[in-house]
>>> print(open('run.tsv').read())   # TSV, C-alpha atoms and all ligand atoms
chain	number	residue	atom	x	y	z
A	1	LEU	CA	-28.22	-101.35	63.97
A	2	HIS	CA	-28.85	-104.44	66.06
A	3	ARG	CA	-26.82	-107.53	65.30
A	4	TYR	CA	-28.23	-111.04	65.60
A	5	GLN	CA	-26.42	-113.28	68.09
A	6	ASP	CA	-26.96	-116.94	68.84
A	7	PRO	CA	-28.82	-117.10	72.19
A	8	VAL	CA	-26.94	-120.16	73.46
A	9	ASP	CA	-23.62	-118.50	72.62
A	10	LEU	CA	-24.76	-115.55	74.73
A	11	ILE	CA	-25.75	-117.80	77.65
A	12	TRP	CA	-22.33	-119.44	77.76
A	13	LEU	CA	-20.32	-116.29	77.08
A	14	ARG	CA	-22.09	-114.83	80.10
A	15	ALA	CA	-21.31	-117.98	82.12
A	16	ALA	CA	-17.63	-117.61	81.23
A	17	ALA	CA	-17.67	-113.91	82.15
A	18	ASP	CA	-19.36	-114.60	85.49
A	19	LEU	CA	-16.62	-117.10	86.30
A	20	GLY	CA	-13.95	-114.54	85.44
A	21	LEU	CA	-13.09	-115.87	81.98
A	22	ASN	CA	-12.74	-113.65	78.94
A	23	VAL	CA	-13.50	-115.56	75.73
A	24	GLN	CA	-11.65	-114.61	72.57
A	25	ARG	CA	-12.13	-116.18	69.18
A	26	SER	CA	-9.18	-117.02	66.96
A	27	ALA	CA	-8.46	-119.18	63.92
A	28	GLU	CA	-5.06	-119.91	65.48
A	29	ALA	CA	-6.27	-122.27	68.22
A	30	TYR	CA	-9.03	-124.85	68.76
A	31	ALA	CA	-9.23	-124.15	72.50
A	32	ALA	CA	-6.50	-122.72	74.71
A	33	TYR	CA	-6.35	-121.11	78.13
A	34	ASP	CA	-3.55	-118.68	79.02
A	35	GLY	CA	-3.67	-119.08	82.80
A	36	LYS	CA	-4.56	-115.40	83.16
A	37	GLY	CA	-8.28	-115.47	82.55
A	38	THR	CA	-8.39	-115.54	78.74
A	39	LEU	CA	-9.93	-118.50	76.98
A	40	THR	CA	-9.27	-118.65	73.24
A	41	ILE	CA	-11.72	-120.67	71.19
A	42	SER	CA	-11.69	-121.37	67.49
A	43	VAL	CA	-13.84	-119.34	65.11
A	44	ALA	CA	-17.15	-120.85	64.03
A	45	ASP	CA	-15.88	-121.41	60.47
A	46	ASP	CA	-13.40	-123.96	61.83
A	47	PHE	CA	-16.00	-125.81	63.94
A	48	ASP	CA	-17.11	-129.35	63.09
A	49	ALA	CA	-20.83	-129.75	62.42
A	50	ASP	CA	-21.52	-130.89	65.98
A	51	ASP	CA	-19.32	-128.28	67.68
A	52	SER	CA	-20.90	-125.37	69.48
A	53	LEU	CA	-19.42	-122.47	71.40
A	54	ALA	CA	-21.63	-123.49	74.35
A	55	GLN	CA	-20.17	-126.99	74.50
A	56	MET	CA	-16.62	-125.72	74.14
A	57	ILE	CA	-16.96	-123.17	76.94
A	58	PHE	CA	-18.70	-125.76	79.14
A	59	HIS	CA	-15.90	-128.24	78.36
A	60	GLU	CA	-13.23	-125.75	79.42
A	61	ILE	CA	-15.12	-124.97	82.65
A	62	CYS	CA	-15.22	-128.71	83.34
A	63	HIS	CA	-11.46	-128.89	82.73
A	64	TRP	CA	-11.04	-126.16	85.31
A	65	LEU	CA	-13.27	-128.01	87.78
A	66	VAL	CA	-11.43	-131.35	87.52
A	67	SER	CA	-8.05	-129.62	87.76
A	68	GLY	CA	-8.98	-127.76	90.94
A	69	PHE	CA	-9.80	-124.12	91.62
A	70	GLY	CA	-6.14	-123.04	91.52
A	71	ALA	CA	-5.81	-124.26	87.91
A	72	LYS	CA	-7.28	-120.91	86.90
A	73	ASP	CA	-3.73	-119.56	87.25
A	74	LEU	CA	-2.15	-122.22	85.04
A	75	PRO	CA	-1.95	-122.28	81.22
A	76	ASP	CA	-4.38	-124.91	79.84
A	77	TRP	CA	-5.45	-125.65	83.43
A	78	GLY	CA	-2.01	-127.14	84.07
A	79	LEU	CA	-2.49	-129.87	81.45
A	80	SER	CA	-0.09	-131.00	78.78
A	81	ASN	CA	-1.58	-130.82	75.30
A	82	THR	CA	1.38	-132.51	73.69
A	83	SER	CA	1.58	-135.81	75.57
A	84	ARG	CA	-0.82	-138.41	76.93
A	85	ARG	CA	0.41	-137.69	80.48
A	86	ASP	CA	-2.77	-135.89	81.48
A	87	LEU	CA	-5.26	-138.01	79.55
A	88	VAL	CA	-6.86	-139.03	82.84
A	89	TYR	CA	-7.87	-135.37	83.35
A	90	GLU	CA	-9.40	-135.26	79.88
A	91	TYR	CA	-11.43	-138.36	80.75
A	92	ALA	CA	-12.40	-136.92	84.15
A	93	CYS	CA	-13.58	-133.81	82.33
A	94	HIS	CA	-15.80	-135.99	80.10
A	95	ARG	CA	-17.31	-137.70	83.10
A	96	LEU	CA	-18.04	-134.42	84.83
A	97	GLN	CA	-19.43	-132.87	81.65
A	98	ALA	CA	-21.83	-135.82	81.24
A	99	ALA	CA	-22.84	-135.79	84.93
A	100	LEU	CA	-23.57	-132.06	85.00
A	101	SER	CA	-25.45	-131.86	81.70
A	102	ALA	CA	-27.53	-135.06	81.99
A	103	PRO	CA	-30.13	-133.81	84.52
A	104	PHE	CA	-30.95	-130.98	82.09
A	105	GLY	CA	-31.50	-133.35	79.18
A	106	LEU	CA	-28.35	-132.00	77.52
A	107	ARG	CA	-25.92	-134.91	77.80
A	108	ALA	CA	-25.93	-135.64	74.06
A	109	PHE	CA	-26.14	-131.97	73.13
A	110	MET	CA	-23.07	-131.20	75.26
A	111	ALA	CA	-21.14	-134.26	74.04
A	112	VAL	CA	-17.39	-133.98	73.56
A	113	THR	CA	-16.53	-133.74	69.87
A	114	THR	CA	-12.77	-134.34	69.83
A	115	SER	CA	-10.81	-137.48	68.99
A	116	TRP	CA	-11.50	-138.68	72.56
A	117	ARG	CA	-15.18	-139.11	71.66
A	118	PRO	CA	-15.09	-142.96	71.90
A	119	TYR	CA	-14.42	-142.58	75.64
A	120	TRP	CA	-17.45	-140.30	75.98
A	121	ASP	CA	-19.62	-142.70	74.01
A	122	ALA	CA	-18.65	-145.58	76.31
A	123	LEU	CA	-19.52	-143.73	79.54
A	124	PRO	CA	-22.10	-145.48	81.74
A	125	ALA	CA	-25.44	-143.98	82.74
A	126	ASP	CA	-23.84	-142.73	85.98
A	127	PRO	CA	-20.39	-141.44	84.96
A	128	LEU	CA	-19.45	-140.68	88.59
A	129	LYS	CA	-20.22	-144.12	90.01
A	130	ASP	CA	-17.27	-145.69	91.86
A	131	GLY	CA	-15.14	-147.95	89.68
A	132	ASP	CA	-11.61	-148.84	88.56
A	133	ASP	CA	-11.12	-145.93	86.17
A	134	PRO	CA	-8.78	-143.40	87.88
A	135	ALA	CA	-10.69	-140.61	86.13
A	136	ILE	CA	-13.73	-141.28	88.34
A	137	ALA	CA	-12.23	-140.00	91.60
A	138	ILE	CA	-10.95	-136.87	89.84
A	139	ALA	CA	-14.38	-136.27	88.28
A	140	GLN	CA	-16.04	-136.77	91.69
A	141	GLU	CA	-13.82	-134.03	93.15
A	142	GLY	CA	-14.68	-131.80	90.19
A	143	PHE	CA	-18.37	-132.45	90.84
A	144	LYS	CA	-17.95	-131.33	94.46
A	145	LEU	CA	-16.25	-128.14	93.29
A	146	ALA	CA	-19.12	-127.58	90.83
A	147	GLN	CA	-21.54	-127.52	93.78
A	148	THR	CA	-19.72	-124.66	95.53
A	149	PRO	CA	-21.22	-121.13	95.50
A	150	TYR	CA	-18.63	-119.90	92.99
A	151	PHE	CA	-19.70	-122.33	90.26
A	152	GLU	CA	-23.13	-123.76	91.10
A	153	PRO	CA	-25.38	-120.76	90.38
A	154	VAL	CA	-23.64	-120.02	87.08
A	155	LEU	CA	-23.72	-123.62	85.87
A	156	LYS	CA	-27.32	-124.15	86.96
A	157	ARG	CA	-28.49	-120.94	85.33
A	158	SER	CA	-26.67	-121.64	82.07
A	159	LEU	CA	-27.70	-125.29	81.77
A	160	SER	CA	-31.32	-124.42	82.70
A	161	ALA	CA	-31.43	-121.63	80.13
A	162	THR	CA	-30.00	-123.92	77.44
A	163	ALA	CA	-32.57	-126.58	78.37
A	164	ARG	CA	-35.39	-124.03	78.09
A	165	ILE	CA	-34.30	-123.14	74.57
A	166	ALA	CA	-34.12	-126.86	73.79
A	167	ASP	CA	-37.73	-127.24	74.99
A	168	VAL	CA	-38.82	-124.59	72.49
A	169	VAL	CA	-36.89	-125.77	69.42
A	170	ARG	CA	-36.85	-129.57	69.89
A	171	ASP	CA	-40.17	-130.11	68.16
A	172	VAL	CA	-39.43	-127.93	65.15
A	173	VAL	CA	-35.93	-129.10	64.18
A	174	PRO	CA	-35.05	-131.89	61.73
A	175	PRO	CA	-33.64	-135.15	63.14
A	176	SER	CA	-30.19	-134.14	61.90
A	177	SER	CA	-30.13	-131.14	64.23
A	178	LEU	CA	-28.07	-131.36	67.42
A	179	TRP	CA	-31.12	-129.91	69.18
A	180	SER	CA	-33.04	-133.10	68.42
A	181	THR	CA	-30.71	-134.95	70.83
A	182	THR	CA	-31.94	-132.93	73.80
A	183	ARG	CA	-34.45	-134.54	76.14
A	184	ALA	CA	-37.69	-133.20	77.54
A	185	HIS	CA	-38.69	-133.32	81.19
A	186	HIS	CA	-41.67	-134.95	82.80
A	187	ARG	CA	-43.80	-132.25	84.42
A	188	LEU	CA	-42.67	-133.52	87.86
A	189	GLY	CA	-39.05	-132.70	87.06
A	190	SER	CA	-37.19	-135.86	86.01
A	191	LEU	CA	-36.34	-136.44	82.37
A	192	LEU	CA	-39.00	-138.19	80.34
A	193	SER	CA	-38.50	-141.89	79.68
A	194	ASP	CA	-37.05	-142.75	76.26
A	195	SER	CA	-40.08	-144.98	75.73
A	196	GLU	CA	-43.41	-143.37	74.94
A	197	ALA	CA	-45.06	-146.69	75.76
A	198	LEU	CA	-44.12	-146.53	79.45
A	199	LYS	CA	-46.80	-144.83	81.55
A	200	CYS	CA	-46.94	-143.62	85.14
A	201	GLY	CA	-49.84	-146.00	85.75
A	202	SER	CA	-47.52	-149.03	85.52
A	203	CYS	CA	-44.75	-147.57	87.71
A	204	ALA	CA	-43.76	-148.98	91.12
A	205	TRP	CA	-43.50	-145.43	92.50
A	206	ALA	CA	-47.16	-144.65	91.73
A	207	VAL	CA	-49.61	-145.46	94.52
A	208	PRO	CA	-53.36	-144.91	94.66
A	209	GLY	CA	-54.51	-142.12	96.99
A	210	LYS	CA	-57.71	-140.23	97.77
A	211	SER	CA	-57.58	-138.32	94.50
A	212	GLY	CA	-56.10	-140.88	92.12
A	213	LEU	CA	-52.49	-141.89	91.60
A	214	HIS	CA	-49.59	-140.23	93.44
A	215	CYS	CA	-45.87	-140.41	92.67
A	216	ARG	CA	-43.70	-141.20	95.70
A	217	GLN	CA	-40.49	-140.68	93.72
A	218	HIS	CA	-41.18	-136.96	93.39
A	219	ARG	CA	-42.48	-136.30	96.88
A	220	ALA	CA	-40.73	-133.22	98.29
A	221	PRO	CA	-39.67	-133.43	101.98
A	222	GLY	CA	-42.63	-132.67	104.24
A	223	LYS	CA	-45.07	-132.59	101.30
A	224	SER	CA	-47.57	-135.13	100.04
A	225	ALA	CA	-46.76	-137.13	96.93
A	226	PRO	CA	-47.79	-135.23	93.76
A	227	HIS	CA	-50.60	-136.43	91.57
A	228	VAL	CA	-49.88	-138.33	88.34
A	229	HIS	CA	-52.16	-139.59	85.60
A	230	GLY	CA	-52.05	-143.28	84.86
A	231	ASP	CA	-51.83	-142.67	81.13
A	232	GLU	CA	-49.15	-139.96	81.06
A	233	GLN	CA	-45.74	-140.80	79.67
A	234	ALA	CA	-43.41	-142.09	82.38
A	235	CYS	CA	-40.25	-140.35	83.52
A	236	GLU	CA	-36.81	-141.96	83.39
A	237	ARG	CA	-37.24	-143.11	87.00
A	238	TRP	CA	-40.02	-145.50	86.00
A	239	GLU	CA	-39.74	-148.90	87.58
A	240	ARG	CA	-41.78	-151.96	86.93
A	241	GLN	CA	-44.12	-152.93	89.74
A	242	LEU	CA	-42.53	-155.21	92.30
A	243	THR	CA	-43.84	-158.59	93.42
A	244	ALA	CA	-42.58	-161.24	95.84
A	245	GLU	CA	-40.75	-162.76	92.85
A	246	ASP	CA	-38.38	-159.78	92.86
A	247	CYS	CA	-37.21	-160.32	96.44
A	248	GLY	CA	-34.99	-163.25	95.44
A	249	THR	CA	-32.76	-161.04	93.28
A	250	CYS	CA	-33.13	-157.94	95.46
A	251	GLY	CA	-32.76	-158.67	99.18
A	252	ALA	CA	-32.14	-154.96	99.77
A	253	CYS	CA	-34.13	-154.84	103.01
A	254	CYS	CA	-32.13	-157.78	104.39
A	255	ARG	CA	-28.76	-156.34	103.38
A	256	GLN	CA	-27.35	-152.82	103.15
A	257	GLY	CA	-30.79	-151.20	102.75
A	258	PHE	CA	-31.03	-151.03	106.54
A	259	ASP	CA	-28.52	-151.40	109.37
A	260	LEU	CA	-30.36	-153.92	111.59
A	261	VAL	CA	-33.76	-155.36	112.52
A	262	PRO	CA	-35.09	-154.44	115.99
A	263	VAL	CA	-36.86	-157.31	117.74
A	264	SER	CA	-39.45	-156.30	120.33
A	265	PRO	CA	-39.55	-158.00	123.80
A	266	ARG	CA	-42.72	-159.94	122.92
A	267	ASP	CA	-41.57	-161.07	119.47
A	268	PRO	CA	-41.55	-164.93	119.42
A	269	PHE	CA	-38.40	-164.72	117.28
A	270	ARG	CA	-36.38	-164.00	120.44
A	271	LYS	CA	-37.26	-167.36	121.97
A	272	LEU	CA	-37.22	-169.32	118.73
A	273	HIS	CA	-33.79	-168.11	117.58
A	274	PRO	CA	-31.96	-166.68	120.61
A	275	GLU	CA	-28.59	-167.37	118.92
A	276	LEU	CA	-29.45	-164.77	116.26
A	277	VAL	CA	-30.49	-161.98	118.62
A	278	GLN	CA	-28.06	-159.51	120.18
A	279	LEU	CA	-28.47	-156.76	122.76
A	280	GLN	CA	-27.15	-153.52	121.31
A	281	ASN	CA	-27.46	-150.15	123.05
A	282	GLY	CA	-30.34	-151.50	125.19
A	283	GLU	CA	-32.24	-152.85	122.15
A	284	HIS	CA	-32.60	-156.42	120.92
A	285	ILE	CA	-31.65	-156.72	117.28
A	286	VAL	CA	-30.79	-159.20	114.55
A	287	PRO	CA	-27.34	-158.01	113.47
A	288	ARG	CA	-25.90	-157.52	109.97
A	289	PRO	CA	-22.16	-158.11	110.06
A	290	GLY	CA	-20.72	-156.86	106.77
A	291	GLY	CA	-24.12	-155.42	105.93
A	292	THR	CA	-26.00	-158.73	105.52
A	293	CYS	CA	-28.57	-160.12	107.96
A	294	VAL	CA	-27.26	-163.21	109.80
A	295	ALA	CA	-30.43	-165.07	108.77
A	296	LEU	CA	-30.11	-164.34	105.03
A	297	ASP	CA	-29.10	-167.10	102.63
A	298	GLY	CA	-28.29	-166.83	98.95
A	299	ASP	CA	-26.46	-164.33	96.78
A	300	GLY	CA	-29.26	-162.95	94.62
A	301	THR	CA	-28.53	-165.15	91.60
A	302	GLN	CA	-31.14	-167.28	89.88
A	303	ALA	CA	-29.39	-170.40	91.23
A	304	THR	CA	-29.26	-169.19	94.84
A	305	PRO	CA	-31.71	-166.33	95.32
A	306	TYR	CA	-31.81	-164.35	98.55
A	307	ARG	CA	-33.99	-166.12	101.07
A	308	CYS	CA	-34.54	-165.76	104.81
A	309	ARG	CA	-33.54	-168.99	106.59
A	310	HIS	CA	-36.39	-168.47	109.06
A	311	TYR	CA	-38.94	-166.90	106.74
A	312	THR	CA	-42.04	-168.40	108.37
A	313	THR	CA	-40.91	-167.42	111.87
A	314	ARG	CA	-39.16	-164.14	110.92
A	315	PRO	CA	-39.37	-161.11	113.28
A	316	LYS	CA	-42.58	-159.08	113.23
A	317	ASN	CA	-40.76	-156.08	111.78
A	318	CYS	CA	-39.84	-158.22	108.76
A	319	LYS	CA	-43.38	-159.62	108.49
A	320	ASP	CA	-44.78	-156.09	108.46
A	321	PHE	CA	-42.43	-155.04	105.67
A	322	GLU	CA	-44.44	-154.31	102.55
A	323	ILE	CA	-43.13	-155.18	99.09
A	324	ALA	CA	-43.11	-151.95	97.04
A	325	GLY	CA	-43.89	-149.97	100.20
A	326	ASP	CA	-41.97	-146.76	100.91
A	327	ALA	CA	-39.33	-148.61	102.98
A	328	CYS	CA	-38.86	-151.24	100.25
A	329	LEU	CA	-38.23	-148.55	97.61
A	330	LEU	CA	-35.90	-146.73	100.01
A	331	ALA	CA	-33.92	-149.93	100.64
A	332	ARG	CA	-33.65	-150.61	96.91
A	333	ARG	CA	-32.45	-147.06	96.33
A	334	ARG	CA	-29.81	-147.42	99.05
A	335	VAL	CA	-28.30	-150.50	97.42
A	336	GLY	CA	-28.43	-148.95	93.94
A	337	LEU	CA	-31.32	-151.02	92.55
A	338	SER	CA	-33.56	-147.98	92.28
A	339	ARG	CA	-32.83	-144.33	91.53
B	1	LIG	S1	-41.45	-142.12	89.10
B	1	LIG	FE1	-43.06	-143.33	88.13
B	1	LIG	S2	-44.99	-142.41	88.74
B	1	LIG	FE2	-43.38	-140.93	89.19
B	1	LIG	S3	-43.35	-139.59	87.41
B	1	LIG	FE3	-41.80	-141.20	87.09
B	1	LIG	S4	-42.88	-142.80	85.95
B	1	LIG	FE4	-44.46	-141.44	86.80
B	2	LIG	S1	-36.47	-154.35	99.41
B	2	LIG	FE1	-38.54	-154.85	98.65
B	2	LIG	S2	-38.22	-156.03	96.75
B	2	LIG	FE2	-36.28	-155.98	97.87
B	2	LIG	S3	-36.27	-157.88	99.08
B	2	LIG	FE3	-37.08	-156.26	100.41
B	2	LIG	S4	-39.31	-156.37	100.11
B	2	LIG	FE4	-38.39	-157.52	98.41
>>> encode(input="run.tsv", output="structure tokens")
Amino acid sequence: LHRYQDPVDLIWLRAAADLGLNVQRSAEAYAAYDGKGTLTISVADDFDADDSLAQMIFHEICHWLVSGFGAKDLPDWGLSNTSRRDLVYEYACHRLQAALSAPFGLRAFMAVTTSWRPYWDALPADPLKDGDDPAIAIAQEGFKLAQTPYFEPVLKRSLSATARIADVVRDVVPPSSLWSTTRAHHRLGSLLSDSEALKCGSCAWAVPGKSGLHCRQHRAPGKSAPHVHGDEQACERWERQLTAEDCGTCGACCRQGFDLVPVSPRDPFRKLHPELVQLQNGEHIVPRPGGTCVALDGDGTQATPYRCRHYTTRPKNCKDFEIAGDACLLARRRVGLSR
């Protein structure tokens, strides 16, 4: 006789096994790790409505990752369950869990369900972005460990498989189902935008080519930009088209987007503004001490937008710079204005 088993349970039980963890179910514990390879997880009857075995196994793996590889030999990954001493590791685990599951459209599906849920709900779009929270640095280390050959193939396979099941069931489940929180992918790989009204045709990354529109965001190294249809639903990387108006609040190409501006021997800028030109490694450049061009005024606010002090006589390299060109989008990405 064959017994029915939940496919996502199977995916994550296999993930645990491949990482050397034996999962046992017990009504005696919600989730506990013995430091010897056995993970005990509550029985389904004691789960809350939004609990799943998948999420609980994934959560424990994330605890392992933020506690370091050696935590496999420590009960409960070396954490205290009876005091708030190790709360920062719980929070780091949340951040890592969100960062790892989000690219697969599973961030909400894999959400933490315990009493620490308010912390999860308040996480920013990028839970690993530098900040004051001490949990961030711990989560960043956990993320690095997740990319190592021991963990990466197992996590990728398990999250991909869960996302494939989500793709099949998402359209047939009621809104109350946890599966309805999963997100679909654009056919070029990024998650679909939350807004059905946003289309590729209005995106800054889409440029006209010989055979219609092409998406520069999803261009693989050494390949040409893939084709997109103007009327297809945008991905989450959609950006509104840029105009000269945007430069005042951006300034990326004049700040940390690039290291310096080379000035050629025949560029009139050298004679007009010799005090701004330096010789560096045999090349004349306009320097950027602290990351900002010496000719840039303003701070990007509405009151004092970024503006080149010598805009009309700026170096040729700056004149040639194209708003919304590849280099513009690269600069914006480097300063965090674009993804
Ligand atoms: S980056 Fe823009 S053009 Fe490319 S797929 Fe996303 S929305 Fe479409
Ligand atoms: S990076 Fe692009 S949008 Fe930003 S200031 Fe330069 S040209 Fe303007």
>>> residues_near_ligand(input="run.tsv", ligand="ligand LIG 2 (chain B)", cutoff="6 Å", atoms="only C-alpha atoms and all ligand atoms", output="PyMOL selection string")
chain A and resi 246-247+250-253+323-324+328+331-332
>>> write_last_selection(input="run.tsv", atoms="C-alpha atoms", output="compact mmCIF listing (two decimals), in the frame of the given file")
# COMPACT_ATOMS: atom_id res chain seq x y z
CA ASP A 246 -38.38 -159.78 92.86
CA CYS A 247 -37.21 -160.32 96.44
CA CYS A 250 -33.13 -157.94 95.46
CA GLY A 251 -32.76 -158.67 99.18
CA ALA A 252 -32.14 -154.96 99.77
CA CYS A 253 -34.13 -154.84 103.01
CA ILE A 323 -43.13 -155.18 99.09
CA ALA A 324 -43.11 -151.95 97.04
CA CYS A 328 -38.86 -151.24 100.25
CA ALA A 331 -33.92 -149.93 100.64
CA ARG A 332 -33.65 -150.61 96.91
>>> residues_around(input="run.tsv", residues="segment 285-291 of chain A", least_positions_apart="5", cutoff="8 Å", atoms="all atoms listed in the file", output="ChimeraX atom specification")
/A:255-256,259-263,276-280
>>> closest_residue(input="run.tsv", among="A:Ser211, A:Ser193, A:Thr243, A:Gln302", to="ligand LIG 1 (chain B)", atoms="only C-alpha atoms and all ligand atoms")
A:Ser193
>>> residues_near_ligand(input="run.tsv", ligand="ligand LIG 1 (chain B)", cutoff="9 Å", atoms="only C-alpha atoms and all ligand atoms", output="ChimeraX atom specification")
/A:186-193,198-207,213-218,226-230,232-240
>>> write_last_selection(input="run.tsv", atoms="C-alpha atoms", output="tab-separated table (two decimals), in the coordinates of the input")
chain	number	residue	atom	x	y	z
A	186	HIS	CA	-41.67	-134.95	82.80
A	187	ARG	CA	-43.80	-132.25	84.42
A	188	LEU	CA	-42.67	-133.52	87.86
A	189	GLY	CA	-39.05	-132.70	87.06
A	190	SER	CA	-37.19	-135.86	86.01
A	191	LEU	CA	-36.34	-136.44	82.37
A	192	LEU	CA	-39.00	-138.19	80.34
A	193	SER	CA	-38.50	-141.89	79.68
A	198	LEU	CA	-44.12	-146.53	79.45
A	199	LYS	CA	-46.80	-144.83	81.55
A	200	CYS	CA	-46.94	-143.62	85.14
A	201	GLY	CA	-49.84	-146.00	85.75
A	202	SER	CA	-47.52	-149.03	85.52
A	203	CYS	CA	-44.75	-147.57	87.71
A	204	ALA	CA	-43.76	-148.98	91.12
A	205	TRP	CA	-43.50	-145.43	92.50
A	206	ALA	CA	-47.16	-144.65	91.73
A	207	VAL	CA	-49.61	-145.46	94.52
A	213	LEU	CA	-52.49	-141.89	91.60
A	214	HIS	CA	-49.59	-140.23	93.44
A	215	CYS	CA	-45.87	-140.41	92.67
A	216	ARG	CA	-43.70	-141.20	95.70
A	217	GLN	CA	-40.49	-140.68	93.72
A	218	HIS	CA	-41.18	-136.96	93.39
A	226	PRO	CA	-47.79	-135.23	93.76
A	227	HIS	CA	-50.60	-136.43	91.57
A	228	VAL	CA	-49.88	-138.33	88.34
A	229	HIS	CA	-52.16	-139.59	85.60
A	230	GLY	CA	-52.05	-143.28	84.86
A	232	GLU	CA	-49.15	-139.96	81.06
A	233	GLN	CA	-45.74	-140.80	79.67
A	234	ALA	CA	-43.41	-142.09	82.38
A	235	CYS	CA	-40.25	-140.35	83.52
A	236	GLU	CA	-36.81	-141.96	83.39
A	237	ARG	CA	-37.24	-143.11	87.00
A	238	TRP	CA	-40.02	-145.50	86.00
A	239	GLU	CA	-39.74	-148.90	87.58
A	240	ARG	CA	-41.78	-151.96	86.93
>>> residues_around(input="run.tsv", residues="Ala146 of chain A", least_positions_apart="4", cutoff="12 Å", atoms="all atoms listed in the file", output="VMD selection string")
chain A and resid 19 58 61 to 69 93 96 to 97 99 to 101 139 to 142 150 to 156
>>> atom_distance(input="run.tsv", atom1="atom CA of Trp179 of chain A", atom2="atom CA of Ala166 of chain A")
6.3 Å
>>> residues_around(input="run.tsv", residues="segment 40-55 of chain A", least_positions_apart="2", cutoff="9 Å", atoms="only C-alpha atoms", output="VMD selection string")
chain A and resid 8 to 13 22 to 34 38 57 to 60 109 to 113 162 177 to 178
>>> atom_distance(input="run.tsv", atom1="atom CA of Leu21 of chain A", atom2="atom CA of Gly37 of chain A")
4.9 Å
>>> residues_around(input="run.tsv", residues="Tyr119 of chain A", least_positions_apart="2", cutoff="12 Å", atoms="all atoms listed in the file", output="PyMOL selection string")
chain A and resi 87-88+90-95+98+111-117+121-124+127+133+135
>>> atom_distance(input="run.tsv", atom1="atom CA of Lys271 of chain A", atom2="atom CA of His284 of chain A")
11.9 Å
>>> closest_residue(input="run.tsv", among="A:Ala184, A:Ala303, A:Val335, A:Ile136", to="Asp171 of chain A", atoms="all atoms listed in the file")
A:Ala184
>>> closest_residue(input="run.tsv", among="A:Leu272, A:Leu337, A:Ala197, A:Val169", to="Thr249 of chain A", atoms="all atoms listed in the file")
A:Leu337
>>> build_atoms(input="run.tsv", residues="segment 163-167 of chain A", atoms="all heavy atoms", output="PDB file, in the coordinates of the input")
ATOM      1  N   ALA A 163     -31.489-125.583  78.414  1.00  0.00           N
ATOM      2  CA  ALA A 163     -32.570-126.580  78.370  1.00  0.00           C
ATOM      3  C   ALA A 163     -33.902-125.940  77.997  1.00  0.00           C
ATOM      4  O   ALA A 163     -34.723-126.549  77.298  1.00  0.00           O
ATOM      5  CB  ALA A 163     -32.668-127.293  79.710  1.00  0.00           C
ATOM      6  N   ARG A 164     -34.127-124.697  78.439  1.00  0.00           N
ATOM      7  CA  ARG A 164     -35.390-124.030  78.090  1.00  0.00           C
ATOM      8  C   ARG A 164     -35.444-123.744  76.588  1.00  0.00           C
ATOM      9  O   ARG A 164     -36.484-123.889  75.952  1.00  0.00           O
ATOM     10  CB  ARG A 164     -35.555-122.728  78.889  1.00  0.00           C
ATOM     11  CG  ARG A 164     -35.978-122.969  80.323  1.00  0.00           C
ATOM     12  CD  ARG A 164     -36.682-121.759  80.928  1.00  0.00           C
ATOM     13  NE  ARG A 164     -35.833-120.578  80.969  1.00  0.00           N
ATOM     14  CZ  ARG A 164     -34.903-120.352  81.904  1.00  0.00           C
ATOM     15  NH1 ARG A 164     -34.695-121.233  82.853  1.00  0.00           N
ATOM     16  NH2 ARG A 164     -34.184-119.257  81.883  1.00  0.00           N
ATOM     17  N   ILE A 165     -34.324-123.356  76.021  1.00  0.00           N
ATOM     18  CA  ILE A 165     -34.300-123.140  74.570  1.00  0.00           C
ATOM     19  C   ILE A 165     -34.527-124.477  73.861  1.00  0.00           C
ATOM     20  O   ILE A 165     -35.276-124.564  72.881  1.00  0.00           O
ATOM     21  CB  ILE A 165     -32.967-122.488  74.156  1.00  0.00           C
ATOM     22  CG1 ILE A 165     -32.901-121.070  74.731  1.00  0.00           C
ATOM     23  CG2 ILE A 165     -32.808-122.470  72.636  1.00  0.00           C
ATOM     24  CD1 ILE A 165     -31.626-120.334  74.471  1.00  0.00           C
ATOM     25  N   ALA A 166     -33.916-125.532  74.388  1.00  0.00           N
ATOM     26  CA  ALA A 166     -34.120-126.860  73.790  1.00  0.00           C
ATOM     27  C   ALA A 166     -35.602-127.235  73.795  1.00  0.00           C
ATOM     28  O   ALA A 166     -36.119-127.787  72.823  1.00  0.00           O
ATOM     29  CB  ALA A 166     -33.306-127.902  74.558  1.00  0.00           C
ATOM     30  N   ASP A 167     -36.298-126.906  74.897  1.00  0.00           N
ATOM     31  CA  ASP A 167     -37.730-127.240  74.990  1.00  0.00           C
ATOM     32  C   ASP A 167     -38.533-126.552  73.887  1.00  0.00           C
ATOM     33  O   ASP A 167     -39.537-127.069  73.409  1.00  0.00           O
ATOM     34  CB  ASP A 167     -38.286-126.827  76.360  1.00  0.00           C
ATOM     35  CG  ASP A 167     -37.856-127.787  77.460  1.00  0.00           C
ATOM     36  OD1 ASP A 167     -37.448-128.915  77.132  1.00  0.00           O
ATOM     37  OD2 ASP A 167     -37.914-127.400  78.641  1.00  0.00           O
TER      38      ASP A 167
END
